[in-house]
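**Q** work28.cif is reproduced below (mmCIF, C-alpha atoms, pLDDT in the B column; chains and numbers go by the auth columns).
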data_final
loop_
_atom_site.group_PDB
_atom_site.id
_atom_site.type_symbol
_atom_site.label_atom_id
_atom_site.label_comp_id
_atom_site.label_asym_id
_atom_site.label_seq_id
_atom_site.Cartn_x
_atom_site.Cartn_y
_atom_site.Cartn_z
_atom_site.B_iso_or_equiv
_atom_site.auth_seq_id
_atom_site.auth_asym_id
ATOM 1 C CA LEU A 1 -8.926 14.396 25.191 83.00 1 A
ATOM 2 C CA ARG A 2 -6.102 14.316 27.737 87.00 2 A
ATOM 3 C CA VAL A 3 -5.355 15.521 31.267 90.00 3 A
ATOM 4 C CA PHE A 4 -1.639 16.253 31.669 87.00 4 A
ATOM 5 C CA GLU A 5 -1.675 17.357 35.318 83.00 5 A
ATOM 6 C CA GLU A 6 -3.998 15.180 37.386 84.00 6 A
ATOM 7 C CA SER A 7 -3.033 16.392 40.843 84.00 7 A
ATOM 8 C CA GLU A 8 -2.818 19.838 42.412 85.00 8 A
ATOM 9 C CA GLY A 9 0.574 21.421 42.728 85.00 9 A
ATOM 10 C CA PHE A 10 2.754 24.256 41.593 87.00 10 A
ATOM 11 C CA ILE A 11 3.296 24.562 37.861 87.00 11 A
ATOM 12 C CA THR A 12 5.199 27.017 35.731 90.00 12 A
ATOM 13 C CA ALA A 13 3.459 29.369 33.327 91.00 13 A
ATOM 14 C CA GLY A 14 2.773 27.744 29.970 90.00 14 A
ATOM 15 C CA THR A 15 2.631 24.168 31.280 89.00 15 A
ATOM 16 C CA PRO A 16 -0.130 22.250 29.439 89.00 16 A
ATOM 17 C CA LEU A 17 -2.908 21.087 31.763 88.00 17 A
ATOM 18 C CA LEU A 18 -5.569 19.736 29.399 89.00 18 A
ATOM 19 C CA GLU A 19 -5.932 18.937 25.718 88.00 19 A
ATOM 20 C CA PHE A 20 -9.334 19.693 24.198 87.00 20 A
ATOM 21 C CA GLY A 21 -10.645 18.430 20.873 84.00 21 A
ATOM 22 C CA ASP A 22 -13.750 17.457 18.937 84.00 22 A
ATOM 23 C CA PRO A 23 -13.720 13.664 18.331 80.00 23 A
ATOM 24 C CA THR A 24 -16.219 14.095 15.470 84.00 24 A
ATOM 25 C CA ASP A 25 -13.735 16.339 13.604 88.00 25 A
ATOM 26 C CA LEU A 26 -10.781 13.970 13.094 91.00 26 A
ATOM 27 C CA GLU A 27 -8.056 13.928 10.480 94.00 27 A
ATOM 28 C CA ILE A 28 -5.512 11.225 9.730 95.00 28 A
ATOM 29 C CA VAL A 29 -1.772 11.841 9.623 96.00 29 A
ATOM 30 C CA VAL A 30 0.083 9.085 7.786 95.00 30 A
ATOM 31 C CA ASP A 31 3.845 9.059 7.368 94.00 31 A
ATOM 32 C CA VAL A 32 4.889 7.552 4.026 94.00 32 A
ATOM 33 C CA LEU A 33 8.265 6.995 2.402 94.00 33 A
ATOM 34 C CA SER A 34 9.352 10.114 0.541 94.00 34 A
ATOM 35 C CA THR A 35 9.815 8.010 -2.624 92.00 35 A
ATOM 36 C CA ASN A 36 6.096 7.127 -2.452 92.00 36 A
ATOM 37 C CA ALA A 37 4.962 10.589 -1.369 94.00 37 A
ATOM 38 C CA VAL A 38 6.021 12.171 -4.676 95.00 38 A
ATOM 39 C CA ALA A 39 3.153 10.301 -6.394 93.00 39 A
ATOM 40 C CA ILE A 40 0.513 11.439 -3.866 96.00 40 A
ATOM 41 C CA GLU A 41 -1.449 14.601 -4.607 96.00 41 A
ATOM 42 C CA PRO A 42 -4.139 16.540 -2.751 97.00 42 A
ATOM 43 C CA GLY A 43 -7.517 15.131 -3.779 97.00 43 A
ATOM 44 C CA ASN A 44 -6.368 11.499 -4.097 97.00 44 A
ATOM 45 C CA ASN A 45 -8.915 9.043 -2.698 97.00 45 A
ATOM 46 C CA VAL A 46 -7.994 7.040 0.396 97.00 46 A
ATOM 47 C CA THR A 47 -9.293 3.759 1.845 97.00 47 A
ATOM 48 C CA ILE A 48 -8.978 3.469 5.647 96.00 48 A
ATOM 49 C CA GLU A 49 -8.909 -0.087 6.992 95.00 49 A
ATOM 50 C CA HIS A 50 -8.105 -1.965 10.215 94.00 50 A
ATOM 51 C CA TRP A 51 -9.476 0.845 12.336 93.00 51 A
ATOM 52 C CA GLY A 52 -11.720 -1.460 14.366 91.00 52 A
ATOM 53 C CA GLY A 53 -14.995 -1.079 12.472 90.00 53 A
ATOM 54 C CA ASP A 54 -16.914 -3.489 10.269 91.00 54 A
ATOM 55 C CA LYS A 55 -16.202 -1.796 6.948 94.00 55 A
ATOM 56 C CA PRO A 56 -13.471 0.364 5.419 96.00 56 A
ATOM 57 C CA LEU A 57 -13.821 4.126 5.623 96.00 57 A
ATOM 58 C CA ARG A 58 -13.167 6.617 2.856 97.00 58 A
ATOM 59 C CA GLY A 59 -11.059 9.729 2.874 97.00 59 A
ATOM 60 C CA ARG A 60 -9.318 12.254 0.660 98.00 60 A
ATOM 61 C CA VAL A 61 -5.768 13.638 0.789 98.00 61 A
ATOM 62 C CA ARG A 62 -5.793 17.263 1.928 98.00 62 A
ATOM 63 C CA VAL A 63 -2.065 18.002 2.211 97.00 63 A
ATOM 64 C CA VAL A 64 1.252 16.352 1.413 97.00 64 A
ATOM 65 C CA GLU A 65 3.673 18.167 3.698 97.00 65 A
ATOM 66 C CA PRO A 66 6.618 19.702 1.826 95.00 66 A
ATOM 67 C CA ALA A 67 9.345 18.667 4.288 95.00 67 A
ATOM 68 C CA ALA A 68 10.530 15.133 5.025 95.00 68 A
ATOM 69 C CA PHE A 69 11.920 13.796 8.298 95.00 69 A
ATOM 70 C CA THR A 70 14.149 10.869 9.168 95.00 70 A
ATOM 71 C CA LYS A 71 12.618 7.875 10.922 94.00 71 A
ATOM 72 C CA VAL A 72 14.330 4.625 11.874 92.00 72 A
ATOM 73 C CA SER A 73 12.414 1.560 10.671 88.00 73 A
ATOM 74 C CA SER A 74 11.824 -1.542 12.788 88.00 74 A
ATOM 75 C CA LEU A 75 14.822 -3.081 10.964 91.00 75 A
ATOM 76 C CA GLY A 76 17.046 -0.196 12.050 92.00 76 A
ATOM 77 C CA VAL A 77 17.162 1.481 8.622 92.00 77 A
ATOM 78 C CA GLU A 78 16.982 5.272 8.429 94.00 78 A
ATOM 79 C CA GLU A 79 14.164 6.305 6.079 94.00 79 A
ATOM 80 C CA GLN A 80 13.017 9.666 4.788 96.00 80 A
ATOM 81 C CA ARG A 81 9.313 10.027 5.484 96.00 81 A
ATOM 82 C CA VAL A 82 6.664 12.627 4.701 97.00 82 A
ATOM 83 C CA ASN A 83 3.416 13.317 6.557 97.00 83 A
ATOM 84 C CA VAL A 84 0.243 13.088 4.460 97.00 84 A
ATOM 85 C CA ILE A 85 -2.891 14.678 5.981 97.00 85 A
ATOM 86 C CA ILE A 86 -6.169 12.926 5.145 97.00 86 A
ATOM 87 C CA ASP A 87 -9.749 14.111 5.755 97.00 87 A
ATOM 88 C CA PHE A 88 -12.601 11.642 6.238 96.00 88 A
ATOM 89 C CA THR A 89 -15.306 11.790 3.569 95.00 89 A
ATOM 90 C CA ASP A 90 -17.627 9.441 5.480 93.00 90 A
ATOM 91 C CA PRO A 91 -19.842 11.012 8.158 92.00 91 A
ATOM 92 C CA PRO A 92 -18.794 10.768 11.834 91.00 92 A
ATOM 93 C CA ALA A 93 -21.596 8.246 12.492 90.00 93 A
ATOM 94 C CA ASP A 94 -19.803 5.707 10.238 92.00 94 A
ATOM 95 C CA ARG A 95 -16.626 5.840 12.349 91.00 95 A
ATOM 96 C CA LYS A 96 -18.237 5.650 15.765 88.00 96 A
ATOM 97 C CA GLY A 97 -15.692 4.781 18.437 88.00 97 A
ATOM 98 C CA LEU A 98 -12.663 6.001 16.476 90.00 98 A
ATOM 99 C CA GLY A 99 -10.726 8.519 18.527 89.00 99 A
ATOM 100 C CA ASP A 100 -7.655 10.693 18.739 89.00 100 A
ATOM 101 C CA GLY A 101 -4.338 8.850 18.359 88.00 101 A
ATOM 102 C CA TYR A 102 -5.938 5.571 17.218 92.00 102 A
ATOM 103 C CA ARG A 103 -4.111 3.305 14.766 93.00 103 A
ATOM 104 C CA VAL A 104 -5.445 2.920 11.209 94.00 104 A
ATOM 105 C CA GLU A 105 -4.098 1.672 7.889 95.00 105 A
ATOM 106 C CA ALA A 106 -4.553 3.946 4.893 95.00 106 A
ATOM 107 C CA SER A 107 -4.215 3.110 1.192 94.00 107 A
ATOM 108 C CA VAL A 108 -3.910 6.094 -1.131 95.00 108 A
ATOM 109 C CA THR A 109 -5.063 5.671 -4.730 93.00 109 A
ATOM 110 C CA VAL A 110 -2.479 7.373 -6.936 91.00 110 A
ATOM 111 C CA TRP A 111 -3.560 5.786 -10.230 89.00 111 A
ATOM 112 C CA ASN A 112 -6.735 4.090 -11.411 87.00 112 A
ATOM 113 C CA GLN A 113 -7.602 2.562 -14.776 86.00 113 A
ATOM 114 C CA SER A 114 -10.102 -0.046 -15.870 86.00 114 A
ATOM 115 C CA ASP A 115 -9.364 -3.037 -18.132 88.00 115 A
ATOM 116 C CA VAL A 116 -5.745 -3.457 -17.059 89.00 116 A
ATOM 117 C CA LEU A 117 -3.838 -6.663 -17.701 92.00 117 A
ATOM 118 C CA PHE A 118 -1.678 -7.376 -14.648 91.00 118 A
ATOM 119 C CA LEU A 119 0.172 -10.199 -12.970 92.00 119 A
ATOM 120 C CA PRO A 120 2.008 -10.818 -9.686 92.00 120 A
ATOM 121 C CA THR A 121 5.435 -9.187 -9.554 93.00 121 A
ATOM 122 C CA SER A 122 6.727 -12.552 -8.313 93.00 122 A
ATOM 123 C CA ALA A 123 6.497 -13.802 -11.916 93.00 123 A
ATOM 124 C CA LEU A 124 8.787 -11.039 -13.278 94.00 124 A
ATOM 125 C CA PHE A 125 12.564 -11.133 -13.575 93.00 125 A
ATOM 126 C CA ARG A 126 15.187 -9.011 -15.338 93.00 126 A
ATOM 127 C CA LYS A 127 17.590 -10.183 -17.999 90.00 127 A
ATOM 128 C CA ASN A 128 19.762 -7.846 -20.105 91.00 128 A
ATOM 129 C CA GLN A 129 17.878 -4.778 -18.813 92.00 129 A
ATOM 130 C CA LYS A 130 14.518 -6.165 -19.999 95.00 130 A
ATOM 131 C CA TRP A 131 11.601 -7.764 -18.138 95.00 131 A
ATOM 132 C CA TYR A 132 10.662 -11.404 -18.697 95.00 132 A
ATOM 133 C CA VAL A 133 8.269 -14.078 -17.459 94.00 133 A
ATOM 134 C CA PHE A 134 7.977 -17.780 -18.076 93.00 134 A
ATOM 135 C CA ARG A 135 4.662 -18.320 -19.860 93.00 135 A
ATOM 136 C CA VAL A 136 3.296 -21.867 -19.651 91.00 136 A
ATOM 137 C CA THR A 137 2.418 -23.289 -23.080 90.00 137 A
ATOM 138 C CA ASP A 138 1.514 -26.988 -23.434 90.00 138 A
ATOM 139 C CA SER A 139 2.987 -27.709 -19.962 88.00 139 A
ATOM 140 C CA ARG A 140 6.339 -26.169 -20.941 91.00 140 A
ATOM 141 C CA ALA A 141 7.983 -22.979 -19.710 91.00 141 A
ATOM 142 C CA GLU A 142 8.414 -20.468 -22.508 93.00 142 A
ATOM 143 C CA LEU A 143 10.558 -17.360 -22.005 93.00 143 A
ATOM 144 C CA ALA A 144 8.480 -14.291 -22.873 94.00 144 A
ATOM 145 C CA GLU A 145 9.660 -10.679 -22.921 95.00 145 A
ATOM 146 C CA VAL A 146 7.078 -8.291 -21.468 95.00 146 A
ATOM 147 C CA ASP A 147 6.721 -4.545 -21.302 95.00 147 A
ATOM 148 C CA ILE A 148 5.450 -3.415 -17.927 94.00 148 A
ATOM 149 C CA GLY A 149 3.733 -0.202 -16.925 93.00 149 A
ATOM 150 C CA ARG A 150 2.810 0.764 -13.418 90.00 150 A
ATOM 151 C CA ARG A 151 3.584 -1.566 -10.531 87.00 151 A
ATOM 152 C CA ASN A 152 3.406 -1.770 -6.787 82.00 152 A
ATOM 153 C CA GLY A 153 4.884 -4.313 -4.416 78.00 153 A
ATOM 154 C CA MET A 154 2.437 -7.011 -5.463 88.00 154 A
ATOM 155 C CA HIS A 155 1.279 -6.492 -9.067 90.00 155 A
ATOM 156 C CA ALA A 156 2.590 -5.117 -12.355 92.00 156 A
ATOM 157 C CA GLN A 157 0.664 -3.784 -15.337 93.00 157 A
ATOM 158 C CA ILE A 158 1.463 -5.675 -18.541 94.00 158 A
ATOM 159 C CA ILE A 159 1.582 -3.430 -21.626 94.00 159 A
ATOM 160 C CA SER A 160 2.638 -6.144 -24.104 94.00 160 A
ATOM 161 C CA GLY A 161 4.000 -9.675 -24.260 94.00 161 A
ATOM 162 C CA LEU A 162 1.114 -11.540 -22.608 92.00 162 A
ATOM 163 C CA ALA A 163 -2.586 -12.012 -23.262 91.00 163 A
ATOM 164 C CA GLU A 164 -5.473 -12.348 -20.856 91.00 164 A
ATOM 165 C CA GLY A 165 -5.639 -15.914 -19.544 89.00 165 A
ATOM 166 C CA ASP A 166 -1.953 -16.744 -20.109 91.00 166 A
ATOM 167 C CA LEU A 167 -0.475 -18.904 -17.349 90.00 167 A
ATOM 168 C CA VAL A 168 2.870 -17.816 -15.915 92.00 168 A
ATOM 169 C CA VAL A 169 5.378 -19.291 -13.480 91.00 169 A
ATOM 170 C CA THR A 170 5.583 -17.404 -10.192 92.00 170 A
ATOM 171 C CA TYR A 171 8.815 -17.411 -8.171 91.00 171 A
ATOM 172 C CA PRO A 172 10.787 -19.169 -10.943 90.00 172 A
ATOM 173 C CA SER A 173 13.934 -20.836 -9.624 87.00 173 A
ATOM 174 C CA ASP A 174 17.231 -21.169 -11.494 86.00 174 A
ATOM 175 C CA GLU A 175 16.076 -24.617 -12.621 87.00 175 A
ATOM 176 C CA VAL A 176 13.287 -23.138 -14.763 87.00 176 A
ATOM 177 C CA LYS A 177 14.615 -22.641 -18.291 87.00 177 A
ATOM 178 C CA ASP A 178 13.046 -22.068 -21.686 87.00 178 A
ATOM 179 C CA GLY A 179 11.394 -25.342 -22.802 85.00 179 A
ATOM 180 C CA VAL A 180 11.509 -27.157 -19.450 88.00 180 A
ATOM 181 C CA ASP A 181 8.416 -29.168 -18.410 87.00 181 A
ATOM 182 C CA VAL A 182 6.336 -27.569 -15.667 84.00 182 A
ATOM 183 C CA VAL A 183 3.473 -28.804 -13.511 83.00 183 A
ATOM 184 C CA SER A 184 0.685 -26.545 -12.303 77.00 184 A
ATOM 185 C CA ARG A 185 0.319 -26.253 -8.525 74.00 185 A
ATOM 186 C CA GLU A 186 -2.779 -24.116 -8.340 64.00 186 A
ATOM 187 C CA THR A 187 -4.229 -23.857 -4.877 53.00 187 A
ATOM 188 C CA THR A 188 -7.949 -23.608 -4.231 51.00 188 A
ATOM 189 C CA ALA A 189 -9.813 -23.018 -1.013 55.00 189 A
ATOM 190 C CA MET A 190 -11.278 -26.156 0.490 53.00 190 A
ATOM 191 C CA PRO A 191 -14.056 -26.417 3.078 55.00 191 A
ATOM 192 C CA ARG A 192 -13.045 -27.799 6.459 53.00 192 A
#
Starting from the file, give its structure as structure tokens.
**A**
Amino acid sequence: LRVFEESEGFITAGTPLLEFGDPTDLEIVVDVLSTNAVAIEPGNNVTIEHWGGDKPLRGRVRVVEPAAFTKVSSLGVEEQRVNVIIDFTDPPADRKGLGDGYRVEASVTVWNQSDVLFLPTSALFRKNQKWYVFRVTDSRAELAEVDIGRRNGMHAQIISGLAEGDLVVTYPSDEVKDGVDVVSRETTAMPR
């Protein structure tokens, strides 16, 4: 995989010269925030994307390391991170060209349920320790209390307070109040 000493010369005992490995027997090491790592368990399914191939690859969590380490983010914030070791479940032929030290993006499935009502987290806001949205009824904003379940950075599960097909206001400004008129600005893809 690597040659550390390319030219002849004197070296001390124990100096690495070469690194050997089997490129068909790869694992993925992903460092995740420790606050996210507590939800990850061995056996969780993983989707591997942006690795350079045509389709996503599949994997499974083998180990969540028990010790965290400090890493400075690109914004200069110290974060506690944990290494998660992932094994590929797809055969080596499906990941042809992927090698040691390559960059990939991995998404770990920590929860899965069918028939879930969800909406963008950008529609949610807190008021008096409760969650609310502005539901659109007859072109008017209507304050609606909702109970949420699981959520990630983009979506939240709605337990109660909304029904399938309800329209909501996303990114409501301070000007949106209960009963105010609203206009839909739905965006659709258009051919060029």
**Q** For A:Thr121, find every residue with an atom within 7 Å (counting all atoms listed in the file), except residues of its own chain fewer than 4 positions away, and show them as a list of chain:residue names.
**A**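 Surrounding residues, per the criterion: A:Met154, A:His155, A:Ala156.
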**Q** Grab the residues selected above and save them as a JSON list (two decimals), keeping the file's coordinate frame with C-alpha atoms.
**A**
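The new file selection.json reads:
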[["chain", "number", "residue", "atom", "x", "y", "z"],
["A", 154, "MET", "CA", 2.44, -7.01, -5.46],
["A", 155, "HIS", "CA", 1.28, -6.49, -9.07],
["A", 156, "ALA", "CA", 2.59, -5.12, -12.36]]
**Q** Let me know the residues the PyMOL selection byres ((chain A and resi 152) around 12) catches in the file above, as a compact mmCIF listing (two decimals) with C-alpha atoms, keeping the file's coordinate frame.
**A**
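Writing done, so here's expr.txt:
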# COMPACT_ATOMS: atom_id res chain seq x y z
CA ASN A 36 6.10 7.13 -2.45
CA THR A 109 -5.06 5.67 -4.73
CA VAL A 110 -2.48 7.37 -6.94
CA TRP A 111 -3.56 5.79 -10.23
CA PHE A 118 -1.68 -7.38 -14.65
CA LEU A 119 0.17 -10.20 -12.97
CA PRO A 120 2.01 -10.82 -9.69
CA THR A 121 5.44 -9.19 -9.55
CA SER A 122 6.73 -12.55 -8.31
CA ILE A 148 5.45 -3.42 -17.93
CA GLY A 149 3.73 -0.20 -16.92
CA ARG A 150 2.81 0.76 -13.42
CA ARG A 151 3.58 -1.57 -10.53
CA GLY A 153 4.88 -4.31 -4.42
CA MET A 154 2.44 -7.01 -5.46
CA HIS A 155 1.28 -6.49 -9.07
CA ALA A 156 2.59 -5.12 -12.36
CA GLN A 157 0.66 -3.78 -15.34
**Q** Between atom CA of A:Gly101 and atom CA of A:Phe4, what distance in Å does the model show, to one decimal?
**A** 15.5 Å
**Q** Given the file above and the PyMOL selection byres ((chain A and resi 104) around 8), which residues are selected, and can you give them as a PyMOL selection string?
**A** chain A and resi 48-51+102-103+105-106
**Q** What does the file look like for those residues with C-alpha atoms, as an mmCIF file, in the frame of the given file?
**A**
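Dumped to part_39.cif:
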data_model
loop_
_atom_site.group_PDB
_atom_site.id
_atom_site.type_symbol
_atom_site.label_atom_id
_atom_site.label_comp_id
_atom_site.auth_asym_id
_atom_site.auth_seq_id
_atom_site.Cartn_x
_atom_site.Cartn_y
_atom_site.Cartn_z
ATOM 1 C CA ILE A 48 -8.978 3.469 5.647
ATOM 2 C CA GLU A 49 -8.909 -0.087 6.992
ATOM 3 C CA HIS A 50 -8.105 -1.965 10.215
ATOM 4 C CA TRP A 51 -9.476 0.845 12.336
ATOM 5 C CA TYR A 102 -5.938 5.571 17.218
ATOM 6 C CA ARG A 103 -4.111 3.305 14.766
ATOM 7 C CA GLU A 105 -4.098 1.672 7.889
ATOM 8 C CA ALA A 106 -4.553 3.946 4.893
#
**Q** So the first atom is atom CA of A:Gly59 and the second is atom CA of A:Thr47; what is the distance between them in Å, to one decimal place?
**A**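 Atom-to-atom, atom CA of A:Gly59 and atom CA of A:Thr47 are spaced 6.3 Å apart.
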**Q** For this structure, which residues satisfy the selection - the PyMOL selection byres ((chain A and resi 82-90) around 9) - when it is evaluated on the file as given? I want them as a ChimeraX atom specification.
**A** /A:25-34,37,40,42,46,48,57-70,80-81,91-95
**Q** Considering only C-alpha atoms, state which residue in the set A:Val108, A:Val169, A:Gly14, A:Arg140 is at the smallest distance from A:Leu124.
**A**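 When distances to A:Leu124 are compared using only C-alpha atoms, the smallest one comes from A:Val169.
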**Q** Pick the closest to A:Gly179 from A:Ser114, A:Asp138, A:Ile158, A:Asp147: which is it, counting all atoms listed in the file?
**A**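 Result for the nearest residue to A:Gly179: A:Asp138.
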**Q** To one decimal place in Å, what is the distance between atom CA of A:Asp174 and atom CA of A:Trp131?
**A**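 About the pair atom CA of A:Asp174 and atom CA of A:Trp131: they are 16.0 Å apart.
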